[in-house]
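Text of the file final.cif, holding mmCIF, C-alpha atoms:
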```cif
data_coords
#
loop_
_atom_site.label_atom_id
_atom_site.label_comp_id
_atom_site.auth_asym_id
_atom_site.auth_seq_id
_atom_site.Cartn_x
_atom_site.Cartn_y
_atom_site.Cartn_z
CA MET G 931 -15.61 0.33 8.49
CA PRO G 932 -15.75 -0.26 12.26
CA GLN G 933 -17.76 2.35 14.17
CA ALA G 934 -14.72 3.35 16.24
CA ARG G 935 -12.65 4.19 13.15
CA TYR G 936 -15.50 6.20 11.63
CA LYS G 937 -15.80 8.22 14.81
CA GLN G 938 -12.04 8.72 14.91
CA LEU G 939 -12.17 10.30 11.45
CA VAL G 940 -14.99 12.65 12.47
CA ASP G 941 -13.14 13.54 15.67
CA ARG G 942 -9.87 14.16 13.83
CA LEU G 943 -11.43 16.45 11.23
CA SER G 944 -13.51 18.33 13.80
CA GLU G 945 -10.43 18.86 15.98
CA ASP G 946 -8.44 20.16 12.99
CA ILE G 947 -11.22 22.67 12.30
CA ARG G 948 -11.62 23.81 15.91
CA GLN G 949 -7.89 24.19 16.42
CA GLY G 950 -7.53 26.23 13.24
CA ARG G 951 -5.43 23.72 11.35
CA LEU G 952 -8.18 23.75 8.73
CA LYS G 953 -8.96 27.42 8.15
CA PRO G 954 -12.45 28.81 7.51
CA GLY G 955 -13.20 28.69 3.78
CA THR G 956 -10.89 25.74 3.12
CA ALA G 957 -12.24 23.42 0.43
CA LEU G 958 -12.25 19.84 1.71
CA PRO G 959 -11.64 16.83 -0.55
CA THR G 960 -14.58 15.56 -2.55
CA HIS G 961 -16.46 12.63 -1.03
CA ARG G 962 -14.76 10.27 -3.48
CA ARG G 963 -11.27 11.64 -2.80
CA LEU G 964 -11.82 11.46 0.97
CA ALA G 965 -12.94 7.84 0.61
CA THR G 966 -9.82 6.99 -1.41
CA ARG G 967 -7.47 8.85 0.94
CA GLU G 968 -8.87 7.27 4.10
CA GLY G 969 -9.57 3.83 2.66
CA ILE G 970 -13.29 4.01 3.39
CA SER G 971 -16.44 3.56 1.37
CA LEU G 972 -18.07 6.43 -0.47
CA ALA G 973 -21.14 6.07 1.76
CA THR G 974 -18.97 6.45 4.86
CA ALA G 975 -17.26 9.54 3.44
CA THR G 976 -20.67 11.05 2.78
CA ARG G 977 -21.74 10.18 6.32
CA THR G 978 -18.58 11.81 7.72
CA TYR G 979 -19.28 15.11 6.00
CA ALA G 980 -22.96 14.93 6.99
CA GLU G 981 -21.99 14.64 10.65
CA LEU G 982 -19.51 17.51 10.41
CA GLN G 983 -22.22 19.61 8.76
CA ALA G 984 -24.69 18.72 11.53
CA MET G 985 -22.09 19.94 14.04
CA GLY G 986 -21.92 23.26 12.18
CA LEU G 987 -18.27 22.83 11.24
CA VAL G 988 -18.61 22.53 7.44
CA SER G 989 -21.09 23.57 4.78
CA GLY G 990 -21.85 21.73 1.58
CA GLU G 991 -22.83 23.62 -1.55
CA VAL G 992 -24.23 21.73 -4.51
CA GLY G 993 -21.84 21.91 -7.44
CA ARG G 994 -19.09 23.62 -5.43
CA GLY G 995 -18.03 21.19 -2.72
CA THR G 996 -17.64 21.08 1.05
CA PHE G 997 -16.05 23.99 2.92
CA VAL G 998 -14.89 24.69 6.47
CA ARG G 999 -17.26 27.16 8.15
CA GLU G 1000 -16.39 30.21 10.22
CA PRO G 1001 -16.58 29.42 13.96
CA ILE G 1002 -20.11 30.06 15.20
CA PRO G 1003 -20.38 33.05 17.56
CA PHE G 1004 -22.49 32.95 20.70
CA GLY G 1005 -23.26 35.33 23.49
CA ASP G 1006 -25.16 36.06 26.68
CA GLY G 1007 -27.26 38.87 25.25
CA VAL G 1008 -24.45 41.42 24.99
CA GLU G 1009 -20.99 39.90 24.64
CA MET G 1010 -20.24 37.48 21.82
CA HIS G 1011 -17.59 34.78 21.88
CA VAL G 1012 -16.64 31.84 19.68
CA ALA G 1013 -18.12 28.41 20.23
CA SER G 1014 -17.77 25.01 18.66
CA GLY G 1015 -20.32 24.20 16.02
CA ASP G 1016 -22.22 21.58 17.99
CA LEU G 1017 -23.65 24.16 20.43
CA LEU G 1018 -27.31 25.14 19.96
CA ASP G 1019 -27.35 28.91 20.39
CA LEU G 1020 -30.57 30.32 21.85
CA SER G 1021 -28.74 33.32 23.31
CA PHE G 1022 -28.38 35.50 20.20
CA ASN G 1023 -30.64 36.09 17.22
CA TYR G 1024 -29.12 36.13 13.75
CA PRO G 1025 -32.01 34.76 11.68
CA ALA G 1026 -31.10 33.64 8.19
CA LEU G 1027 -32.95 31.90 5.39
CA PRO G 1028 -31.42 29.20 3.14
CA MET G 1029 -31.46 31.31 -0.02
CA GLN G 1030 -29.56 34.25 1.48
CA THR G 1031 -26.12 32.88 0.62
CA ASP G 1032 -27.04 32.67 -3.06
CA LEU G 1033 -28.55 36.17 -2.89
CA LEU G 1034 -25.27 37.49 -1.51
CA ARG G 1035 -23.20 35.70 -4.13
CA THR G 1036 -25.34 37.14 -6.94
CA ALA G 1037 -25.27 40.63 -5.45
CA LEU G 1038 -21.48 40.59 -5.11
CA ARG G 1039 -21.14 39.54 -8.76
CA GLN G 1040 -23.39 42.42 -9.78
CA LEU G 1041 -21.38 44.88 -7.70
CA ALA G 1042 -18.14 43.56 -9.19
CA SER G 1043 -19.40 44.36 -12.69
CA ALA G 1044 -20.97 47.71 -11.78
CA GLY G 1045 -19.56 50.93 -13.14
CA GLU G 1046 -19.27 52.54 -9.71
CA LEU G 1047 -17.04 49.86 -8.20
CA GLU G 1048 -14.11 52.28 -7.92
CA SER G 1049 -16.11 54.39 -5.45
CA VAL G 1050 -15.87 51.53 -2.91
CA LEU G 1051 -12.21 52.50 -2.46
CA ARG G 1052 -12.91 56.15 -1.59
CA TYR G 1053 -14.22 58.04 1.43
CA GLN G 1054 -17.95 58.72 1.35
CA PRO G 1055 -20.26 61.22 3.10
CA HIS G 1056 -20.43 60.33 6.78
CA GLY G 1057 -24.17 59.68 6.96
CA GLY G 1058 -24.52 58.03 3.56
CA ARG G 1059 -24.67 59.23 -0.03
CA PRO G 1060 -27.78 61.22 -1.03
CA HIS G 1061 -29.27 58.44 -3.15
CA GLU G 1062 -28.71 55.90 -0.35
CA LYS G 1063 -30.50 58.09 2.17
CA ALA G 1064 -33.38 58.50 -0.27
CA ILE G 1065 -33.61 54.71 -0.64
CA VAL G 1066 -33.72 54.26 3.14
CA ALA G 1067 -36.37 56.98 3.42
CA ALA G 1068 -38.50 55.11 0.88
CA HIS G 1069 -38.04 51.88 2.84
CA LEU G 1070 -39.15 53.55 6.08
CA LYS G 1071 -42.58 54.12 4.56
CA SER G 1072 -43.15 50.38 5.10
CA ARG G 1073 -42.59 51.08 8.81
CA GLY G 1074 -45.21 53.84 8.81
CA LEU G 1075 -42.66 56.65 8.60
CA SER G 1076 -42.64 59.46 6.09
CA VAL G 1077 -39.29 61.23 6.31
CA ALA G 1078 -37.18 63.34 3.99
CA ALA G 1079 -33.90 61.92 2.72
CA ASP G 1080 -31.93 64.65 4.51
CA GLU G 1081 -33.42 63.47 7.84
CA VAL G 1082 -31.87 60.00 7.34
CA LEU G 1083 -28.38 58.92 8.39
CA VAL G 1084 -26.79 55.61 7.37
CA THR G 1085 -24.93 53.83 10.19
CA SER G 1086 -23.14 50.57 10.93
CA GLY G 1087 -26.12 48.90 12.56
CA ALA G 1088 -28.83 50.08 14.94
CA ILE G 1089 -26.60 50.07 18.02
CA HIS G 1090 -24.16 52.34 16.20
CA ALA G 1091 -27.05 54.68 15.41
CA LEU G 1092 -28.12 54.58 19.05
CA ALA G 1093 -24.57 55.22 20.29
CA CYS G 1094 -24.16 58.17 17.90
CA ALA G 1095 -27.47 59.67 19.06
CA ALA G 1096 -26.49 59.26 22.71
CA MET G 1097 -23.01 60.71 22.39
CA SER G 1098 -24.13 63.67 20.29
CA LEU G 1099 -27.51 64.61 21.83
CA LEU G 1100 -26.94 63.77 25.50
CA ARG G 1101 -24.29 64.71 28.03
CA PRO G 1102 -22.45 62.68 30.69
CA GLY G 1103 -24.58 62.57 33.79
CA ASP G 1104 -27.89 62.81 31.94
CA ALA G 1105 -30.58 60.39 33.13
CA VAL G 1106 -32.37 58.24 30.56
CA ALA G 1107 -35.60 56.39 31.41
CA VAL G 1108 -35.85 52.82 30.13
CA ASP G 1109 -38.01 49.78 30.77
CA ALA G 1110 -36.87 47.76 33.77
CA LEU G 1111 -36.27 44.95 31.28
CA SER G 1112 -34.68 46.30 28.11
CA TYR G 1113 -32.28 45.66 25.24
CA PRO G 1114 -28.81 45.07 26.76
CA GLY G 1115 -27.10 47.27 24.18
CA ILE G 1116 -28.54 50.41 25.78
CA GLN G 1117 -26.63 49.58 28.95
CA VAL G 1118 -23.35 49.40 27.04
CA VAL G 1119 -24.10 52.69 25.27
CA ALA G 1120 -25.01 54.36 28.58
CA GLU G 1121 -21.86 53.13 30.30
CA LEU G 1122 -19.56 54.40 27.57
CA SER G 1123 -21.43 57.73 27.28
CA GLY G 1124 -21.57 58.39 31.02
CA LEU G 1125 -25.36 58.25 31.11
CA GLU G 1126 -27.50 57.04 34.00
CA LEU G 1127 -30.26 54.59 33.16
CA VAL G 1128 -33.34 54.85 35.37
CA ALA G 1129 -35.77 51.94 35.25
CA VAL G 1130 -39.51 52.32 34.71
CA PRO G 1131 -41.36 49.22 35.99
CA ALA G 1132 -42.21 46.68 33.30
CA SER G 1133 -45.91 46.29 34.00
CA GLY G 1134 -47.75 46.16 30.68
CA PRO G 1135 -47.44 46.29 26.90
CA GLY G 1136 -44.79 48.98 26.89
CA LEU G 1137 -43.31 51.75 29.00
CA ASP G 1138 -45.91 53.10 31.47
CA PRO G 1139 -46.55 56.84 30.80
CA ASP G 1140 -47.92 57.44 34.32
CA ALA G 1141 -44.89 55.81 35.92
CA LEU G 1142 -42.64 57.88 33.66
CA ASP G 1143 -44.45 61.08 34.66
CA ALA G 1144 -44.11 60.20 38.35
CA LEU G 1145 -40.39 59.54 37.80
CA CYS G 1146 -39.99 62.96 36.16
CA ARG G 1147 -41.58 64.60 39.20
CA ARG G 1148 -38.93 63.05 41.43
CA ARG G 1149 -35.87 63.76 39.33
CA LYS G 1150 -34.54 65.29 36.13
CA ILE G 1151 -34.93 62.93 33.16
CA ARG G 1152 -33.43 63.97 29.84
CA ALA G 1153 -34.55 61.21 27.44
CA VAL G 1154 -36.51 57.97 27.08
CA TYR G 1155 -35.32 54.84 25.28
CA CYS G 1156 -38.09 52.47 24.25
CA MET G 1157 -39.15 49.81 21.76
CA PRO G 1158 -42.88 50.40 21.10
CA THR G 1159 -43.15 47.68 18.45
CA LEU G 1160 -41.76 44.23 19.31
CA HIS G 1161 -40.10 45.05 22.61
CA ASN G 1162 -36.93 43.08 23.27
CA PRO G 1163 -37.09 40.86 25.36
CA LEU G 1164 -40.84 40.89 26.13
CA GLY G 1165 -42.36 41.09 22.65
CA TRP G 1166 -44.81 43.85 23.58
CA VAL G 1167 -46.51 46.05 20.99
CA MET G 1168 -47.56 49.31 22.63
CA PRO G 1169 -51.17 50.36 21.84
CA LEU G 1170 -51.75 53.68 20.09
CA ALA G 1171 -53.35 55.31 23.15
CA GLN G 1172 -50.31 54.41 25.25
CA ARG G 1173 -47.98 55.83 22.59
CA GLU G 1174 -49.91 59.08 22.55
CA ALA G 1175 -49.85 59.26 26.35
CA LEU G 1176 -46.09 58.67 26.33
CA ILE G 1177 -45.63 61.48 23.81
CA ALA G 1178 -47.77 63.79 25.95
CA VAL G 1179 -45.49 63.15 28.95
CA ALA G 1180 -42.40 63.68 26.80
CA ARG G 1181 -43.69 67.04 25.55
CA ARG G 1182 -44.73 68.18 29.01
CA ARG G 1183 -41.39 67.19 30.54
CA GLY G 1184 -39.14 68.20 27.63
CA LEU G 1185 -37.88 64.68 26.92
CA LEU G 1186 -36.08 63.34 23.86
CA LEU G 1187 -37.52 60.04 22.61
CA LEU G 1188 -35.10 57.36 21.36
CA GLU G 1189 -37.19 54.79 19.49
CA ASP G 1190 -35.69 51.42 18.53
CA GLY G 1191 -37.47 49.70 15.65
CA THR G 1192 -35.06 46.82 15.06
CA TYR G 1193 -37.69 44.09 15.32
CA ALA G 1194 -40.65 46.22 14.14
CA PHE G 1195 -40.70 44.60 10.69
CA LEU G 1196 -42.16 41.45 12.28
CA GLU G 1197 -45.48 43.14 13.15
CA LYS G 1198 -47.24 44.55 10.09
CA LYS G 1199 -50.32 45.83 11.96
CA ALA G 1200 -48.58 47.89 14.64
CA PRO G 1201 -49.72 51.45 15.43
CA ALA G 1202 -47.73 54.33 13.99
CA PRO G 1203 -44.16 54.69 15.32
CA LEU G 1204 -43.43 57.44 17.85
CA ALA G 1205 -41.31 59.07 15.14
CA ALA G 1206 -44.43 59.41 12.97
CA LEU G 1207 -46.58 60.72 15.83
CA ALA G 1208 -43.95 63.09 17.24
CA PRO G 1209 -41.23 63.58 14.62
CA ASP G 1210 -39.92 66.78 16.23
CA ILE G 1211 -38.82 65.06 19.48
CA THR G 1212 -38.01 61.51 18.31
CA VAL G 1213 -34.87 59.85 16.98
CA TYR G 1214 -35.75 56.54 15.30
CA VAL G 1215 -33.05 53.86 14.92
CA SER G 1216 -33.22 50.52 13.16
CA SER G 1217 -31.23 48.23 10.88
CA LEU G 1218 -31.31 45.26 8.53
CA SER G 1219 -29.57 43.03 11.08
CA LYS G 1220 -32.64 40.94 11.86
CA SER G 1221 -34.61 41.39 8.64
CA VAL G 1222 -31.64 40.58 6.36
CA ALA G 1223 -28.35 39.61 8.02
CA ALA G 1224 -26.54 40.61 11.22
CA GLY G 1225 -23.10 40.50 9.62
CA LEU G 1226 -23.80 43.25 7.09
CA ARG G 1227 -23.92 45.98 9.79
CA PHE G 1228 -26.25 48.29 7.91
CA GLY G 1229 -28.40 50.55 10.06
CA PHE G 1230 -30.02 53.94 9.96
CA ALA G 1231 -31.33 56.76 12.08
CA CYS G 1232 -33.91 59.37 11.22
CA ALA G 1233 -34.05 62.52 13.31
CA PRO G 1234 -35.46 66.05 13.38
CA ALA G 1235 -33.55 68.23 10.92
CA ALA G 1236 -32.02 70.33 13.72
CA LEU G 1237 -30.41 67.23 15.28
CA VAL G 1238 -29.07 65.62 12.10
CA PRO G 1239 -25.77 67.61 12.00
CA LYS G 1240 -24.92 66.53 15.55
CA ILE G 1241 -25.49 62.84 14.85
CA HIS G 1242 -23.66 63.26 11.54
CA ARG G 1243 -20.61 64.48 13.46
CA ALA G 1244 -20.73 61.47 15.78
CA ILE G 1245 -20.78 59.10 12.78
CA ARG G 1246 -17.68 60.85 11.47
CA ALA G 1247 -15.94 60.40 14.83
CA THR G 1248 -16.76 56.70 15.09
CA VAL G 1249 -16.62 55.06 11.63
CA TRP G 1250 -16.28 58.02 9.21
CA ASN G 1251 -18.72 56.27 6.93
CA THR G 1252 -20.42 52.87 6.73
CA PRO G 1253 -18.39 50.80 4.21
CA THR G 1254 -19.54 51.60 0.69
CA LEU G 1255 -19.57 47.93 -0.28
CA VAL G 1256 -22.17 47.29 2.43
CA THR G 1257 -24.30 50.33 1.67
CA SER G 1258 -24.27 49.58 -2.07
CA LEU G 1259 -25.30 45.99 -1.52
CA CYS G 1260 -28.03 46.77 1.04
CA CYS G 1261 -29.45 49.70 -0.89
CA GLY G 1262 -29.61 47.54 -4.00
CA TRP G 1263 -31.64 44.99 -2.06
CA LEU G 1264 -33.89 47.69 -0.62
CA GLN G 1265 -34.54 49.01 -4.11
CA ASP G 1266 -35.15 45.76 -5.96
CA GLY G 1267 -37.55 44.33 -3.36
CA THR G 1268 -35.17 41.73 -1.89
CA VAL G 1269 -35.45 43.19 1.62
CA ALA G 1270 -39.26 43.24 1.41
CA ARG G 1271 -39.27 39.58 0.32
CA LEU G 1272 -36.87 38.56 3.09
CA GLU G 1273 -38.95 40.39 5.68
CA GLN G 1274 -42.07 38.60 4.49
CA GLU G 1275 -40.31 35.23 4.63
CA LYS G 1276 -38.92 35.95 8.09
CA ARG G 1277 -42.36 36.87 9.39
CA ARG G 1278 -43.50 33.42 8.23
CA ASP G 1279 -40.40 31.85 9.73
CA ALA G 1280 -40.91 33.55 13.10
CA LEU G 1281 -44.53 32.38 13.20
CA ALA G 1282 -43.41 28.82 12.48
CA ARG G 1283 -40.79 28.96 15.22
CA GLN G 1284 -43.32 30.28 17.73
CA ARG G 1285 -45.58 27.34 16.83
CA ILE G 1286 -42.71 25.02 17.76
CA VAL G 1287 -42.45 26.84 21.09
CA SER G 1288 -46.19 26.43 21.66
CA THR G 1289 -45.89 22.68 21.11
CA VAL G 1290 -42.71 21.96 23.05
CA LEU G 1291 -43.11 24.35 25.99
CA ALA G 1292 -46.89 24.25 26.29
CA GLN G 1293 -46.72 23.54 30.04
CA PHE G 1294 -44.95 26.85 30.82
CA GLU G 1295 -46.25 30.40 31.18
CA MET G 1296 -44.38 32.61 28.72
CA VAL G 1297 -44.27 36.25 27.66
CA ARG G 1298 -43.98 36.57 23.89
CA HIS G 1299 -45.39 37.90 20.66
CA PRO G 1300 -46.74 35.31 18.19
CA ALA G 1301 -44.54 36.65 15.39
CA SER G 1302 -41.31 37.38 17.26
CA TYR G 1303 -37.93 35.69 17.27
CA PHE G 1304 -37.69 35.42 21.05
CA VAL G 1305 -39.50 34.17 24.15
CA TRP G 1306 -39.32 35.37 27.75
CA LEU G 1307 -39.66 32.38 30.07
CA PRO G 1308 -40.24 33.24 33.75
CA LEU G 1309 -39.04 30.34 35.86
CA PRO G 1310 -41.07 28.52 38.52
CA ALA G 1311 -40.57 29.65 42.12
CA GLY G 1312 -37.35 28.27 43.52
CA VAL G 1313 -35.72 27.66 40.13
CA ARG G 1314 -32.64 29.84 39.62
CA SER G 1315 -31.92 31.15 36.16
CA ASP G 1316 -28.15 30.75 36.51
CA ALA G 1317 -28.60 27.07 37.42
CA VAL G 1318 -30.78 26.57 34.32
CA ALA G 1319 -28.23 28.30 32.08
CA VAL G 1320 -25.32 26.27 33.46
CA ARG G 1321 -27.15 22.96 33.13
CA LEU G 1322 -28.18 23.78 29.56
CA LYS G 1323 -24.67 24.82 28.57
CA GLU G 1324 -23.40 21.48 29.85
CA ASP G 1325 -25.94 19.95 27.46
CA ASN G 1326 -24.70 22.16 24.57
CA VAL G 1327 -27.59 24.67 24.66
CA LEU G 1328 -26.88 28.37 25.21
CA VAL G 1329 -29.53 30.66 26.70
CA SER G 1330 -29.46 34.11 28.26
CA THR G 1331 -30.57 34.77 31.79
CA ALA G 1332 -32.47 37.94 32.72
CA ALA G 1333 -29.30 39.61 34.04
CA PRO G 1334 -28.21 41.38 30.81
CA TYR G 1335 -31.74 42.75 30.32
CA ALA G 1336 -32.42 44.00 33.86
CA VAL G 1337 -31.85 47.71 34.56
CA GLY G 1338 -31.20 48.97 38.05
CA SER G 1339 -32.76 46.14 40.04
CA GLN G 1340 -32.39 42.52 41.02
CA PRO G 1341 -32.92 40.47 37.83
CA PRO G 1342 -35.94 38.18 37.93
CA HIS G 1343 -35.39 34.47 37.55
CA ALA G 1344 -36.21 34.10 33.88
CA ILE G 1345 -34.47 33.15 30.67
CA ARG G 1346 -34.70 34.65 27.21
CA LEU G 1347 -34.80 32.22 24.32
CA ALA G 1348 -33.62 33.49 20.95
CA LEU G 1349 -35.34 31.39 18.30
CA GLY G 1350 -33.77 32.54 15.05
CA SER G 1351 -30.22 31.17 14.98
CA VAL G 1352 -30.74 27.43 14.57
CA SER G 1353 -32.69 25.19 12.20
CA HIS G 1354 -36.29 24.29 13.01
CA ALA G 1355 -35.25 20.75 13.91
CA ASP G 1356 -32.45 21.97 16.18
CA LEU G 1357 -34.79 24.52 17.73
CA LYS G 1358 -37.23 21.76 18.68
CA ARG G 1359 -34.38 19.71 20.10
CA ALA G 1360 -32.99 22.65 22.07
CA LEU G 1361 -36.40 23.61 23.46
CA GLU G 1362 -36.99 20.04 24.58
CA LYS G 1363 -33.75 20.28 26.54
CA VAL G 1364 -34.85 23.64 28.01
CA GLY G 1365 -38.16 22.17 29.13
CA GLY G 1366 -36.45 19.11 30.56
CA VAL G 1367 -33.92 21.10 32.58
CA VAL G 1368 -36.51 23.54 33.98
CA ALA G 1369 -38.83 20.67 34.91
CA SER G 1370 -36.00 18.73 36.58
CA LEU G 1371 -35.09 21.74 38.75
CA ASP G 1372 -38.72 22.45 39.63
CA CYS G 1373 -39.11 19.77 42.25
#
```

How does this structure look as structure tokens?
Amino acid sequence: MPQARYKQLVDRLSEDIRQGRLKPGTALPTHRRLATREGISLATATRTYAELQAMGLVSGEVGRGTFVREPIPFGDGVEMHVASGDLLDLSFNYPALPMQTDLLRTALRQLASAGELESVLRYQPHGGRPHEKAIVAAHLKSRGLSVAADEVLVTSGAIHALACAAMSLLRPGDAVAVDALSYPGIQVVAELSGLELVAVPASGPGLDPDALDALCRRRKIRAVYCMPTLHNPLGWVMPLAQREALIAVARRRGLLLLEDGTYAFLEKKAPAPLAALAPDITVYVSSLSKSVAAGLRFGFACAPAALVPKIHRAIRATVWNTPTLVTSLCCGWLQDGTVARLEQEKRRDALARQRIVSTVLAQFEMVRHPASYFVWLPLPAGVRSDAVAVRLKEDNVLVSTAAPYAVGSQPPHAIRLALGSVSHADLKRALEKVGGVVASLDC
């Protein structure tokens, strides 16, 4: 078949998918039927589907066929949109392993045959059923936390837990100290809750206790949001002495600590969480979004017993309860060891991806953790981050600039590279483009 006609077929099918004429989940003809319908060879039909799969528009499952994929989401660190499948997304992390689809299919079959299936259709306790909270409490022991089940609340992701803590424990106008470079979600939560974020300079492996104390002398600070283990976006792991110094400042100044452990599973040898060192003044939030799957929206908070009813009320006001189908599935995986296995595999995966970074971007100075799913890349003097991002997007690579991560100051010229959302081969290809664009602008 002439090359032009082959490309026309790929273009026609890809356009039908992108325009919605072929809906997500649609089963496409078998290779042999496509060949017959289009008057092409079987090898060409196979090549057509392979190219569509490489573009992220279809997925092939052995024994089941070829299916149209959901449009791939992308974002700038906070907002997510819909992109065509040929974009290489280094702006958002949703790490997944090949076997997770089969794990989900098996788990759904098990739930469908379970005796408690009818409960999925009913309201549930706002912060999770007692046995679910006990399962989460047992899981938190792997994070160095020993908490009672009644100190755990099940939420729809870590950002939901953070939002519920903010809206229930803080008041509009309260000032919250954060790293000058921090998780963008805290800015959204602060805006909607009427909170003021006050930046503490990002000068070392975690929030600086002395700088925080000096800030508290100048003005009234009500709480501190921080990520002691695997800081996003800088990958820092705060040493134990620094954690203890931070807690000392918090006690002296009467501060509430909001600890985010979303990426903490990637570092097995981290010091104890703040919530273990100071459980009476710390609310710990995390989720399975990075360790299992972002789409499940299963998170949790653990808090001092006196604060649990307030957060519980906020969960009721926002989602009533996390969907029972999700909690049942995730708690089953927590209990049978699936989550532990996935976390172990993703630690290996993150290490492998960082090795790719070390090879491809060896000429650049970077801020990162060797087992994290992201890299902070400060740009050479004179190179603008927005110019890098625009050039890369024109070349079908999405990255985030520093702007969504910067709190209260002029963003530095840097880009954050999320490593977990593309294949290893595509990651290498995307990083080569990143290096090429930065080098071309640094002249």

To test your reading of the syntax: which residues would the PyMOL selection byres ((chain G and resi 1302) around 12) return for the file shown? Reply as a PyMOL selection string. chain G and resi 1023+1025+1159-1167+1192-1198+1220-1221+1276-1285+1287+1297-1301+1303-1306+1347-1350

So the first atom is atom CA of G:Leu1361 and the second is atom CA of G:Val1313; what is the distance between them in Å, to one decimal place?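 We find that atom CA of G:Leu1361 and atom CA of G:Val1313 lie 17.2 Å from each other.
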
Any idea what's packed within 6 Å of stretch 1326-1328 of chain G, counting all atoms listed in the file, ignoring anything in its chain fewer than 4 positions away? Could you give it as a list in words?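 Using all atoms listed in the file, the neighbours found are Leu1017, Leu1018, Asp1019, Leu1020, Ser1021 and Leu1322 of chain G.
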
Return as number ranges by chain the set of residues that the PyMOL selection byres ((chain G and resi 1175-1187) around 6) yields on the displayed structure. G: 1139, 1152-1154, 1172-1174, 1188, 1211-1212

Residues within 8 Å of G:Cys1261, please, as a list of chain:residue names. Count only C-alpha atoms; anything in the same chain fewer than 4 positions from it doesn't count.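 The residues that qualify are G:Glu1062, G:Ile1065, G:Val1066, G:Thr1257, G:Gln1265.
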
Of the candidates G:Ala1355, G:Glu968, G:Ser1123, G:Ala1107, which shows the shortest atom-to-atom distance to G:Ala1144, using all atoms listed in the file?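 For G:Ala1144, the nearest of the candidates is G:Ala1107.
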
Taking only C-alpha atoms into account, name the residue in G:Arg1227, G:Lys1363, G:Lys1323, G:His1069 that is nearest to G:Val1249.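 Looking only at the distances to G:Val1249, the closest residue turns out to be G:Arg1227.
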
Interatomic distance between atom CA of G:Met1097 and atom CA of G:Gln1117?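 Distance reported for this atom pair: 13.4 Å.
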
Closest of G:Gln1293, G:Val1118, G:Pro1253, G:Gly986 to G:Val1352 - atom-to-atom distances counting all atoms listed in the file: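 Smallest separation from G:Val1352 among the options: G:Gly986.
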
Selected residue of minimal separation from G:Phe1022 among G:Leu1127, G:Met1157, G:Leu1207, G:Tyr1113, counting all atoms listed in the file: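 Under the stated criterion, the closest residue is G:Tyr1113.
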
d(atom CA of G:Val1215, atom CA of G:Leu1142) in Å: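 Separation of atom CA of G:Val1215 and atom CA of G:Leu1142: 21.4 Å.
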
I'd like the contact shell of G:Tyr1335 - 8 Å cut-off, all atoms listed in the file, skipping same-chain residues fewer than 3 positions apart - returned as a PDB file with C-alpha atoms, in the coordinates of the input.
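Below is the file that was written, result-v7.pdb:
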```pdb
ATOM      1  CA  GLY G1007     -27.260  38.870  25.250  1.00  0.00           C
ATOM      2  CA  ALA G1110     -36.870  47.760  33.770  1.00  0.00           C
ATOM      3  CA  LEU G1111     -36.270  44.950  31.280  1.00  0.00           C
ATOM      4  CA  SER G1112     -34.680  46.300  28.110  1.00  0.00           C
ATOM      5  CA  TYR G1113     -32.280  45.660  25.240  1.00  0.00           C
ATOM      6  CA  PRO G1114     -28.810  45.070  26.760  1.00  0.00           C
ATOM      7  CA  PRO G1163     -37.090  40.860  25.360  1.00  0.00           C
ATOM      8  CA  ALA G1332     -32.470  37.940  32.720  1.00  0.00           C
ATOM      9  CA  PRO G1341     -32.920  40.470  37.830  1.00  0.00           C
TER      10      PRO G1341
END
```

Can you complete the atoms of stretch 1295-1301 of chain G to N, CA, C and O atoms and list them as a PDB file, in the coordinates of the input?
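The result, stored in part.pdb:
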```pdb
ATOM      1  N   GLU G1295     -45.761  29.046  31.434  1.00  0.00           N
ATOM      2  CA  GLU G1295     -46.250  30.400  31.180  1.00  0.00           C
ATOM      3  C   GLU G1295     -45.127  31.206  30.550  1.00  0.00           C
ATOM      4  O   GLU G1295     -44.012  31.235  31.075  1.00  0.00           O
ATOM      5  N   MET G1296     -45.408  31.855  29.436  1.00  0.00           N
ATOM      6  CA  MET G1296     -44.380  32.610  28.720  1.00  0.00           C
ATOM      7  C   MET G1296     -44.892  33.990  28.361  1.00  0.00           C
ATOM      8  O   MET G1296     -46.097  34.212  28.254  1.00  0.00           O
ATOM      9  N   VAL G1297     -43.955  34.913  28.163  1.00  0.00           N
ATOM     10  CA  VAL G1297     -44.270  36.250  27.660  1.00  0.00           C
ATOM     11  C   VAL G1297     -43.668  36.346  26.276  1.00  0.00           C
ATOM     12  O   VAL G1297     -42.451  36.221  26.116  1.00  0.00           O
ATOM     13  N   ARG G1298     -44.506  36.585  25.262  1.00  0.00           N
ATOM     14  CA  ARG G1298     -43.980  36.570  23.890  1.00  0.00           C
ATOM     15  C   ARG G1298     -45.009  37.172  22.942  1.00  0.00           C
ATOM     16  O   ARG G1298     -46.171  37.352  23.277  1.00  0.00           O
ATOM     17  N   HIS G1299     -44.537  37.466  21.754  1.00  0.00           N
ATOM     18  CA  HIS G1299     -45.390  37.900  20.660  1.00  0.00           C
ATOM     19  C   HIS G1299     -45.460  36.747  19.663  1.00  0.00           C
ATOM     20  O   HIS G1299     -44.452  36.074  19.403  1.00  0.00           O
ATOM     21  N   PRO G1300     -46.618  36.482  19.069  1.00  0.00           N
ATOM     22  CA  PRO G1300     -46.740  35.310  18.190  1.00  0.00           C
ATOM     23  C   PRO G1300     -45.917  35.373  16.919  1.00  0.00           C
ATOM     24  O   PRO G1300     -45.785  34.356  16.225  1.00  0.00           O
ATOM     25  N   ALA G1301     -45.350  36.542  16.608  1.00  0.00           N
ATOM     26  CA  ALA G1301     -44.540  36.650  15.390  1.00  0.00           C
ATOM     27  C   ALA G1301     -43.131  37.149  15.697  1.00  0.00           C
ATOM     28  O   ALA G1301     -42.494  37.756  14.842  1.00  0.00           O
TER      29      ALA G1301
END
```
